[in-house]
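Single-structure report; data block below.
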Amino acid sequence: MKNTFYILLCCLGSQLAYGQQNLEKYISYGLNNNESIRTQQFTLKKSVYALSEAKSQFFPEVSFNSTYTKAGGGRSIDLPLGDLVNPIYKTLNQLTQSNSFPMIKNRSVLLNPDDFYDAKFHTVMPLLDLELNYNRKIKGQEVTLQRIEVEIYKRELVKDIKEAYFGYAQSVQATLIYQSALKVAEENLRVNNDLLKNDKILRSAVLRSESELSKYQSLLETARQSQKSAQAYFNFLLNCAPETEIKVDNYNDPATDPALLDSTVDKREELKKLNTTLLISDQVNGLNKSYIVPKLATFFDLGSQASGWQYDDHSRYYFFGVSLQWNLFASGKNHYRIAQSETDKEIIKSQISYTGDQLKLQLILTRNAYNSSVAQYKSALKQLASSEKYYRDEFRLYKEGRALFIELLKPSKCLAFMPILPKTGLHYP
């Protein structure tokens, strides 16, 4: 139950502290500097640009197009102009006793235009297109979905930062614990060596003390390496150098967390994400049904075309038109698309219901785990107080000469509860 552990961690982190300035600063710094968060922000920006692109498709689009062709050979059309006109012109010249009507040759015109250009500004604009409208709505919901993704990732990052922070704090305390244990073991070895010199104990007691000392030296080194690893991981989340110093806050007794008393989970990002996905599915379903409405668009060309780069009143032209597209038959393709989108909606609704029940269960388990942890914490505090009292009583008996100093150096007495409690300020001789 990863989410359950996170909720418990947040509750403990929010209630244990009486001065969490350092942790809050680290969280703020991590949210502003984490590379993964930056990547998510770039993805969100990309979604916003995609929405702007979808909106721009409703406006006219103007482009400049030009072509120039140079041709030779190929198919042609024979025009017998001379055969048709020359007899008439010859008769007219005879009647007028002049050469006012010259003879014309037959011509052969190429089908491919030769030395011909066409340059124009082409403008198109949709008048009625439901696909563009649904596409704009889908892109808008995708922006909302990406914003939720960013919030989910931020919450996950906050969880990771808190886990790493408390893990580092625990490793620091573990190092201090084993340092204290090592001092006790060293003192134990010193006393046993003195007792052996005075023939008060056997050699086996000294060997046992040396074994205890070696064990705590190994544990201390392991704790130090764990502390370095925890420090490096925490700084990695903050995008800092691995050896950057970490400041740890102090903590006191936990209080009841009001968040655990709220049984609603409607504000969770997971449900918001699924609900947004359901809205997108509705828009996709509408997009699949939009084939019923025809598409209507208009276009307008303004340009010039002629041979030999001629430009005058005869070469300039405009061309306007309206296009209509209506899909009447697609062999059931649109029907199957609609059926798929309807099925997707039912799947998402089922996921929403299941996720809501799962989050409610996690909340119940977290509340129980939190209460159990608080009870264990308070019980450990009482056991620590008993251990401190035991140590003080033994030390007083030693000063009065009624107890041996070796009783004060037993690790089982001095270190019984240190691994499960925070720093208490207890010192050992």
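Labeling convention for the structure tokens: chains A, B, ... as they appear, residues from 1 per chain, ligands from 1 in order of appearance.
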
Non-local contacts of Val150 of chain A (9 Å; only C-alpha atoms; under 6 positions in same chain excluded) as a ChimeraX atom specification:
/A:37,40-41,44

When DSSP is applied to the backbone of this structure, which of segment 90-330 of chain A are assigned strand (DSSP E)? Write them out as a PyMOL selection string.
chain A and resi 107-110+116-128+295-307+316-325

Give me the segment 198-286 of chain A side of the contact with segment 317-340 of chain A, cut-off 10 Å, one line per residue showing its nearest atom pair and distance in Å at one decimal, counting only C-alpha atoms, sorted by chain and residue number, as CSV.
residue,atom,partner,partner_atom,distance
A:Val284,CA,A:Ile338,CA,8.7
A:Asn285,CA,A:Ile338,CA,6.0
A:Gly286,CA,A:Ile338,CA,8.4

Any chance you can output those residues with N, CA and C atoms as a compact mmCIF listing (two decimals), in the first residue's frame?
# COMPACT_ATOMS: atom_id res chain seq x y z
N VAL A 284 -14.73 12.68 -27.62
CA VAL A 284 -14.35 11.74 -28.69
C VAL A 284 -15.60 11.07 -29.26
N ASN A 285 -16.53 10.74 -28.40
CA ASN A 285 -17.78 10.14 -28.87
C ASN A 285 -18.55 11.12 -29.76
N GLY A 286 -18.57 12.39 -29.34
CA GLY A 286 -19.22 13.40 -30.18
C GLY A 286 -18.49 13.59 -31.50

Need the shell around Ser281 of chain A: protein/DNA/RNA residues with any atom at most 12 Å away, counting only C-alpha atoms. Skip same-chain ones fewer than 3 positions apart. Format as a ChimeraX atom specification?
/A:134-135,137-139,141-142,274-278,284-288,338-349

Which residues of segment 307-359 of chain A come within 12 Å of segment 62-74 of chain A, and for each one, what is the closest pair of atoms and their distance in Å to one decimal, counting only C-alpha atoms, sorted by chain and residue number, as a Markdown table?
| residue | atom | partner | partner_atom | distance |
| --- | --- | --- | --- | --- |
| A:Ser307 | CA | A:Tyr68 | CA | 9.3 |
| A:Gly308 | CA | A:Tyr68 | CA | 10.1 |
| A:Trp309 | CA | A:Tyr68 | CA | 9.3 |

Selection export as a PDB file, in the first residue's frame, atoms kept: N, CA, C and O atoms:
ATOM      1  N   SER A 307       1.679  33.810 -70.135  1.00  0.00           N
ATOM      2  CA  SER A 307       2.920  33.304 -70.727  1.00  0.00           C
ATOM      3  C   SER A 307       3.912  34.456 -70.886  1.00  0.00           C
ATOM      4  O   SER A 307       3.522  35.619 -71.050  1.00  0.00           O
ATOM      5  N   GLY A 308       5.190  34.083 -70.828  1.00  0.00           N
ATOM      6  CA  GLY A 308       6.236  35.079 -71.025  1.00  0.00           C
ATOM      7  C   GLY A 308       6.288  36.125 -69.932  1.00  0.00           C
ATOM      8  O   GLY A 308       6.678  37.279 -70.200  1.00  0.00           O
ATOM      9  N   TRP A 309       5.889  35.782 -68.756  1.00  0.00           N
ATOM     10  CA  TRP A 309       5.900  36.695 -67.601  1.00  0.00           C
ATOM     11  C   TRP A 309       5.112  37.979 -67.868  1.00  0.00           C
ATOM     12  O   TRP A 309       5.440  39.052 -67.365  1.00  0.00           O
TER      13      TRP A 309
END

Segment 165-286 of chain A: residues DSSP assigns to alpha helix (DSSP H), reported as a PyMOL selection string
chain A and resi 165-197+203-237+269-286

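What separates atom CA of Lys105 of chain A from atom CA of Asn86 of chain A is a distance of 8.4 Å.
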